[in-house]
Amino acid sequence: MLTFHPSTPEALTYNLFKLAGLTAFTLVALQILTGPFMVFWEKLYGKRFYRYHGYQGVFTFLFALSHWGLIHLYLYIVNIGTLEFSKGFSLVFYLGPLALVLMTCTVVTAFLAVFRAHPFFEKVWHRIHYLNYAIFVFVFFHSRAIGSDLVAPDSSLRLLWNFFYAVFIVAVIYRSIWKPWREKKVAPVLSG
């Protein structure tokens with residue numbers, strides 16, 4: 001573990017990249033909490049909630065990008081190469097950059113579908129948005145395995161991360177099992 005004075009550029013950059021990562025994951029979790037249950041949220045807050053969800057996705061991406069940029073700035077300041085830094089971690093380390101690549105694809109597609117209302121991207125978005133579930137899983141395991149604020153068994157954030165994971169499981173079950181089953185069951189009644 002590196003030690004440095006709390007007022008140095010290294011300490012500031014280190015803490016900012018950790019904060020950006022924690023914020024990005026929290027926002028990813030909120031995307032998972034709101035996305036599959038959009039009908040509920042729109043009933044509660046109105047049709048504008050969908051647009052809010054889209055803006056939240058953009059902010060999620062900006063925090064994830066900031067996390068990536070700040071960690072590279074930190075490594076530059078302390079004069080450590082990315083490969084040298086990543087040697088101490090398992091392959092789970094690379095789930096973070098992979099999630100960022102996938103997030104770039106989903107955010108660009110969502111932006112074009114939601115904010116530009118382009119028909120082609122609206123159609124593509126219905127297929128590509130499922131990548132958000134993979135992004136959640138990748139970032140969850142990335143943060144649990146190497147995040148210094150989560151690695152410690154007594155970390156207070158572990159309880160929140162476990163809550164997010166439980167919500168993720170509920171969202172997957174709802175989206176892949178309950179919602180399709182419910183739509184099949186209700187459709188014949190409506191058409192009959």
# chains A, B, ... in the order shown; residues from 1 in each chain; ligands from 1
$ closest_atom_pairs --of "region 74-153 of chain A" --to "region 158-174 of chain A" --cutoff "10 Å" --atoms "only C-alpha atoms" --output "tab-separated table"
residue	atom	partner	partner_atom	distance
A:Tyr130	CA	A:Val172	CA	9.9
A:Tyr133	CA	A:Val172	CA	8.0
A:Phe136	CA	A:Phe168	CA	8.1
A:Val137	CA	A:Tyr165	CA	8.5
A:Phe140	CA	A:Trp161	CA	7.7
A:Ser143	CA	A:Trp161	CA	9.3
A:Arg144	CA	A:Arg158	CA	8.1
A:Asp149	CA	A:Arg158	CA	8.7
A:Leu150	CA	A:Arg158	CA	6.0
A:Val151	CA	A:Arg158	CA	8.5
A:Ala152	CA	A:Arg158	CA	8.7
A:Pro153	CA	A:Arg158	CA	7.8
$ closest_atom_pairs --of "region 110-136 of chain A" --to "region 55-70 of chain A" --cutoff "10 Å" --atoms "only C-alpha atoms" --output "JSON lines"
{"residue": "A:Ala110", "atom": "CA", "partner": "A:Gly57", "partner_atom": "CA", "distance": 8.6}
{"residue": "A:Phe111", "atom": "CA", "partner": "A:Val58", "partner_atom": "CA", "distance": 8.1}
{"residue": "A:Val114", "atom": "CA", "partner": "A:Tyr55", "partner_atom": "CA", "distance": 9.8}
{"residue": "A:Phe115", "atom": "CA", "partner": "A:Tyr55", "partner_atom": "CA", "distance": 9.3}
$ atom_distance --atom1 "CA of Gly96 (chain A)" --atom2 "CA of Leu83 (chain A)"
14.4 Å
$ atom_distance --atom1 "CA of Pro119 (chain A)" --atom2 "CA of Phe40 (chain A)"
25.1 Å
$ residues_around --residues "Leu75 (chain A)" --least-positions-apart "2" --cutoff "12 Å" --atoms "only C-alpha atoms" --output "ChimeraX atom specification"
/A:2,9-11,13-14,17,68-73,77-86
$ write_last_selection --atoms "N, CA and C atoms" --output "compact mmCIF listing (two decimals), in the first residue's frame"
# COMPACT_ATOMS: atom_id res chain seq x y z
N LEU A 2 0.60 2.14 -0.89
CA LEU A 2 1.36 3.38 -0.98
C LEU A 2 0.95 4.32 0.13
N PRO A 9 -0.48 16.09 -4.55
CA PRO A 9 -1.25 15.78 -5.77
C PRO A 9 -1.55 14.28 -5.91
N GLU A 10 -0.61 13.43 -5.45
CA GLU A 10 -0.84 11.98 -5.51
C GLU A 10 -2.06 11.58 -4.70
N ALA A 11 -2.14 12.13 -3.47
CA ALA A 11 -3.26 11.79 -2.58
C ALA A 11 -4.58 12.29 -3.16
N THR A 13 -5.36 12.95 -6.34
CA THR A 13 -5.72 12.19 -7.53
C THR A 13 -6.16 10.79 -7.16
N TYR A 14 -5.46 10.16 -6.23
CA TYR A 14 -5.80 8.81 -5.77
C TYR A 14 -7.22 8.78 -5.21
N PHE A 17 -9.88 9.41 -8.00
CA PHE A 17 -10.17 8.26 -8.88
C PHE A 17 -10.98 7.20 -8.13
N TRP A 68 -11.38 6.23 -15.05
CA TRP A 68 -10.32 5.74 -15.93
C TRP A 68 -9.24 6.82 -16.13
N GLY A 69 -9.66 8.03 -16.41
CA GLY A 69 -8.71 9.11 -16.64
C GLY A 69 -7.90 9.46 -15.40
N LEU A 70 -8.56 9.51 -14.25
CA LEU A 70 -7.87 9.87 -13.01
C LEU A 70 -6.90 8.79 -12.56
N ILE A 71 -7.22 7.52 -12.80
CA ILE A 71 -6.27 6.48 -12.41
C ILE A 71 -5.01 6.58 -13.28
N HIS A 72 -5.19 6.92 -14.55
CA HIS A 72 -4.02 7.08 -15.41
C HIS A 72 -3.22 8.34 -15.05
N LEU A 73 -3.90 9.39 -14.63
CA LEU A 73 -3.21 10.58 -14.16
C LEU A 73 -2.43 10.26 -12.88
N ILE A 77 1.58 10.53 -12.23
CA ILE A 77 2.16 11.33 -11.14
C ILE A 77 3.12 10.50 -10.30
N VAL A 78 2.74 9.25 -9.99
CA VAL A 78 3.61 8.42 -9.14
C VAL A 78 4.61 7.61 -9.97
N ASN A 79 4.59 7.85 -11.28
CA ASN A 79 5.56 7.23 -12.19
C ASN A 79 5.51 5.70 -12.18
N ILE A 80 4.28 5.19 -12.32
CA ILE A 80 4.06 3.74 -12.40
C ILE A 80 3.32 3.47 -13.70
N GLY A 81 3.77 2.50 -14.46
CA GLY A 81 3.09 2.13 -15.70
C GLY A 81 1.83 1.33 -15.43
N THR A 82 0.90 1.37 -16.36
CA THR A 82 -0.36 0.64 -16.20
C THR A 82 -0.13 -0.85 -16.03
N LEU A 83 0.75 -1.41 -16.84
CA LEU A 83 1.03 -2.86 -16.73
C LEU A 83 1.66 -3.20 -15.39
N GLU A 84 2.57 -2.35 -14.93
CA GLU A 84 3.20 -2.58 -13.63
C GLU A 84 2.16 -2.50 -12.51
N PHE A 85 1.26 -1.53 -12.61
CA PHE A 85 0.21 -1.36 -11.61
C PHE A 85 -0.74 -2.56 -11.60
N SER A 86 -1.10 -3.05 -12.78
CA SER A 86 -2.09 -4.12 -12.87
C SER A 86 -1.52 -5.50 -12.52
$ atom_distance --atom1 "CA of Leu95 (chain A)" --atom2 "CA of Ile146 (chain A)"
10.7 Å
$ closest_residue --among "A:Ile32, A:Val139, A:Val39, A:Leu16" --to "Val92 (chain A)" --atoms "only C-alpha atoms"
A:Val139
$ select_by_dssp --residues "chain A" --states "helix (DSSP H, G or I)" --output "NGL selection string"
:A and (9-34 or 38-45 or 49-77 or 82-86 or 91-115 or 119-128 or 131-146 or 157-191)
$ residues_around --residues "Ile128 (chain A)" --least-positions-apart "5" --cutoff "9 Å" --atoms "only C-alpha atoms" --output "PyMOL selection string"
chain A and resi 105-106+109-110
$ residues_around --residues "Ile135 (chain A)" --least-positions-apart "5" --cutoff "8 Å" --atoms "only C-alpha atoms" --output "number ranges by chain"
A: 99-100, 102-103
$ write_last_selection --atoms "N, CA and C atoms" --output "mmCIF file, in the first residue's frame"
data_model
loop_
_atom_site.group_PDB
_atom_site.id
_atom_site.type_symbol
_atom_site.label_atom_id
_atom_site.label_comp_id
_atom_site.auth_asym_id
_atom_site.auth_seq_id
_atom_site.Cartn_x
_atom_site.Cartn_y
_atom_site.Cartn_z
ATOM 1 N N ALA A 99 -15.816 -3.104 -19.130
ATOM 2 C CA ALA A 99 -17.114 -2.474 -18.840
ATOM 3 C C ALA A 99 -17.179 -1.071 -19.434
ATOM 4 N N LEU A 100 -16.058 -0.342 -19.398
ATOM 5 C CA LEU A 100 -16.034 1.006 -19.973
ATOM 6 C C LEU A 100 -16.237 0.973 -21.484
ATOM 7 N N LEU A 102 -17.913 -1.399 -23.152
ATOM 8 C CA LEU A 102 -19.323 -1.728 -23.348
ATOM 9 C C LEU A 102 -20.219 -0.531 -23.031
ATOM 10 N N MET A 103 -19.862 0.199 -21.980
ATOM 11 C CA MET A 103 -20.640 1.366 -21.599
ATOM 12 C C MET A 103 -20.593 2.437 -22.689
#
